[in-house]
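Notes to accompany the following structure.
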Amino acid sequence: METPRRSLLKAVIWQMIGLFCMSLVGLVMTGSVALGGAIALANTAVGFCLYVAYERVWARIPWGRLHG
């Protein structure tokens, strides 16, 4: 079983990658560093919370795991 600490670390790293990508997309789409950054931060905050919850739900589901 995956620990909550591991799930949290995975989420932080994944969201850092996502923040970087969304910042670039926001900049390209809007032409504004401030607006692109604001969009990226909002997306990261929502995505982080959803990802942690998603990981914790799946950590409790035994289906599809190999035991051995």
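Within each chain, counting starts at residue 1; across the structure tokens, chains are named A, B, ... in the order shown, with ligands numbered 1 upward in that order.
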
Non-local contacts of Tyr51 (chain A) (8 Å; only C-alpha atoms; under 4 positions in same chain excluded) as a PyMOL selection string: chain A and resi 11+47+55

Residues near Gly37 (chain A), cut-off 12 Å, only C-alpha atoms, skip fewer than 6 positions along chain, as a PyMOL selection string: chain A and resi 18-31+43-44

Writer output for current selection, N, CA, C and O atoms, as an mmCIF file, in the first residue's frame:
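out.cif, freshly written:
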```cif
data_model
loop_
_atom_site.group_PDB
_atom_site.id
_atom_site.type_symbol
_atom_site.label_atom_id
_atom_site.label_comp_id
_atom_site.auth_asym_id
_atom_site.auth_seq_id
_atom_site.Cartn_x
_atom_site.Cartn_y
_atom_site.Cartn_z
ATOM 1 N N GLY A 18 3.429 20.332 -14.073
ATOM 2 C CA GLY A 18 2.224 20.922 -14.660
ATOM 3 C C GLY A 18 2.221 22.439 -14.597
ATOM 4 O O GLY A 18 1.783 23.117 -15.539
ATOM 5 N N LEU A 19 2.711 23.000 -13.497
ATOM 6 C CA LEU A 19 2.770 24.461 -13.361
ATOM 7 C C LEU A 19 3.671 25.061 -14.430
ATOM 8 O O LEU A 19 3.318 26.052 -15.073
ATOM 9 N N PHE A 20 4.807 24.448 -14.645
ATOM 10 C CA PHE A 20 5.723 24.929 -15.675
ATOM 11 C C PHE A 20 5.057 24.887 -17.056
ATOM 12 O O PHE A 20 5.086 25.872 -17.808
ATOM 13 N N CYS A 21 4.446 23.750 -17.378
ATOM 14 C CA CYS A 21 3.796 23.593 -18.691
ATOM 15 C C CYS A 21 2.635 24.563 -18.862
ATOM 16 O O CYS A 21 2.489 25.210 -19.904
ATOM 17 N N MET A 22 1.805 24.683 -17.831
ATOM 18 C CA MET A 22 0.647 25.583 -17.925
ATOM 19 C C MET A 22 1.084 27.045 -18.008
ATOM 20 O O MET A 22 0.421 27.851 -18.660
ATOM 21 N N SER A 23 2.181 27.393 -17.356
ATOM 22 C CA SER A 23 2.690 28.764 -17.449
ATOM 23 C C SER A 23 3.077 29.085 -18.888
ATOM 24 O O SER A 23 2.766 30.168 -19.397
ATOM 25 N N LEU A 24 3.747 28.143 -19.534
ATOM 26 C CA LEU A 24 4.116 28.356 -20.939
ATOM 27 C C LEU A 24 2.884 28.452 -21.834
ATOM 28 O O LEU A 24 2.802 29.328 -22.695
ATOM 29 N N VAL A 25 1.937 27.562 -21.621
ATOM 30 C CA VAL A 25 0.713 27.595 -22.421
ATOM 31 C C VAL A 25 -0.047 28.907 -22.183
ATOM 32 O O VAL A 25 -0.506 29.550 -23.125
ATOM 33 N N GLY A 26 -0.157 29.296 -20.912
ATOM 34 C CA GLY A 26 -0.849 30.545 -20.586
ATOM 35 C C GLY A 26 -0.181 31.749 -21.212
ATOM 36 O O GLY A 26 -0.852 32.651 -21.717
ATOM 37 N N LEU A 27 1.138 31.777 -21.191
ATOM 38 C CA LEU A 27 1.879 32.879 -21.807
ATOM 39 C C LEU A 27 1.638 32.918 -23.311
ATOM 40 O O LEU A 27 1.351 33.973 -23.878
ATOM 41 N N VAL A 28 1.731 31.764 -23.952
ATOM 42 C CA VAL A 28 1.529 31.706 -25.406
ATOM 43 C C VAL A 28 0.092 32.100 -25.772
ATOM 44 O O VAL A 28 -0.137 32.856 -26.712
ATOM 45 N N MET A 29 -0.876 31.624 -24.995
ATOM 46 C CA MET A 29 -2.286 31.879 -25.322
ATOM 47 C C MET A 29 -2.711 33.329 -25.041
ATOM 48 O O MET A 29 -3.546 33.867 -25.765
ATOM 49 N N THR A 30 -2.170 33.925 -23.978
ATOM 50 C CA THR A 30 -2.622 35.263 -23.596
ATOM 51 C C THR A 30 -1.630 36.362 -23.948
ATOM 52 O O THR A 30 -2.012 37.530 -24.026
ATOM 53 N N GLY A 31 -0.353 36.005 -24.091
ATOM 54 C CA GLY A 31 0.664 37.020 -24.336
ATOM 55 C C GLY A 31 1.047 37.777 -23.074
ATOM 56 O O GLY A 31 1.834 38.710 -23.117
ATOM 57 N N ASN A 43 -4.933 26.525 -11.932
ATOM 58 C CA ASN A 43 -4.979 25.149 -12.418
ATOM 59 C C ASN A 43 -4.177 24.221 -11.506
ATOM 60 O O ASN A 43 -4.609 23.105 -11.194
ATOM 61 N N THR A 44 -3.028 24.670 -11.064
ATOM 62 C CA THR A 44 -2.178 23.861 -10.197
ATOM 63 C C THR A 44 -2.839 23.606 -8.849
ATOM 64 O O THR A 44 -2.804 22.487 -8.336
#
```

Coordinates-based distance that separates CA of Val12 (chain A) from CA of Ala53 (chain A) (Å, one decimal):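 Result for CA of Ala53 (chain A) versus CA of Val12 (chain A): 12.8 Å, one decimal.
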
DSSP alpha helix (DSSP H) selection over chain A, as a PyMOL selection string: chain A and resi 4-30+33-59

Output C-alpha atoms of each residue in that selection to a file, as an mmCIF file, in the first residue's frame.
```
data_model
loop_
_atom_site.group_PDB
_atom_site.id
_atom_site.type_symbol
_atom_site.label_atom_id
_atom_site.label_comp_id
_atom_site.auth_asym_id
_atom_site.auth_seq_id
_atom_site.Cartn_x
_atom_site.Cartn_y
_atom_site.Cartn_z
ATOM 1 C CA PRO A 4 0.014 9.279 2.293
ATOM 2 C CA ARG A 5 3.478 10.876 2.381
ATOM 3 C CA ARG A 6 4.474 9.168 -0.884
ATOM 4 C CA SER A 7 1.198 10.214 -2.530
ATOM 5 C CA LEU A 8 1.789 13.797 -1.419
ATOM 6 C CA LEU A 9 5.361 13.895 -2.764
ATOM 7 C CA LYS A 10 4.248 12.429 -6.100
ATOM 8 C CA ALA A 11 1.515 15.056 -6.313
ATOM 9 C CA VAL A 12 3.901 17.931 -5.558
ATOM 10 C CA ILE A 13 6.395 16.837 -8.205
ATOM 11 C CA TRP A 14 3.681 16.251 -10.798
ATOM 12 C CA GLN A 15 2.109 19.628 -10.105
ATOM 13 C CA MET A 16 5.466 21.403 -10.423
ATOM 14 C CA ILE A 17 5.804 19.909 -13.885
ATOM 15 C CA GLY A 18 2.224 20.922 -14.660
ATOM 16 C CA LEU A 19 2.770 24.461 -13.361
ATOM 17 C CA PHE A 20 5.723 24.929 -15.675
ATOM 18 C CA CYS A 21 3.796 23.593 -18.691
ATOM 19 C CA MET A 22 0.647 25.583 -17.925
ATOM 20 C CA SER A 23 2.690 28.764 -17.449
ATOM 21 C CA LEU A 24 4.116 28.356 -20.939
ATOM 22 C CA VAL A 25 0.713 27.595 -22.421
ATOM 23 C CA GLY A 26 -0.849 30.545 -20.586
ATOM 24 C CA LEU A 27 1.879 32.879 -21.807
ATOM 25 C CA VAL A 28 1.529 31.706 -25.406
ATOM 26 C CA MET A 29 -2.286 31.879 -25.322
ATOM 27 C CA THR A 30 -2.622 35.263 -23.596
ATOM 28 C CA VAL A 33 3.082 36.664 -18.054
ATOM 29 C CA ALA A 34 0.744 37.806 -15.237
ATOM 30 C CA LEU A 35 -2.447 36.368 -16.735
ATOM 31 C CA GLY A 36 -0.734 33.194 -17.920
ATOM 32 C CA GLY A 37 0.799 32.746 -14.471
ATOM 33 C CA ALA A 38 -2.534 33.315 -12.722
ATOM 34 C CA ILE A 39 -4.204 30.706 -14.910
ATOM 35 C CA ALA A 40 -1.366 28.266 -14.228
ATOM 36 C CA LEU A 41 -1.525 28.817 -10.447
ATOM 37 C CA ALA A 42 -5.295 28.309 -10.342
ATOM 38 C CA ASN A 43 -4.979 25.149 -12.418
ATOM 39 C CA THR A 44 -2.178 23.861 -10.197
ATOM 40 C CA ALA A 45 -4.103 24.459 -6.962
ATOM 41 C CA VAL A 46 -7.191 22.641 -8.208
ATOM 42 C CA GLY A 47 -5.208 19.878 -9.876
ATOM 43 C CA PHE A 48 -3.087 19.280 -6.774
ATOM 44 C CA CYS A 49 -6.097 18.777 -4.508
ATOM 45 C CA LEU A 50 -7.833 16.503 -6.989
ATOM 46 C CA TYR A 51 -4.697 14.448 -7.640
ATOM 47 C CA VAL A 52 -4.028 13.801 -3.943
ATOM 48 C CA ALA A 53 -7.646 12.733 -3.400
ATOM 49 C CA TYR A 54 -7.532 10.522 -6.497
ATOM 50 C CA GLU A 55 -4.310 8.813 -5.388
ATOM 51 C CA ARG A 56 -5.640 8.172 -1.876
ATOM 52 C CA VAL A 57 -8.858 6.635 -3.220
ATOM 53 C CA TRP A 58 -6.922 4.306 -5.530
ATOM 54 C CA ALA A 59 -4.505 3.383 -2.721
#
```
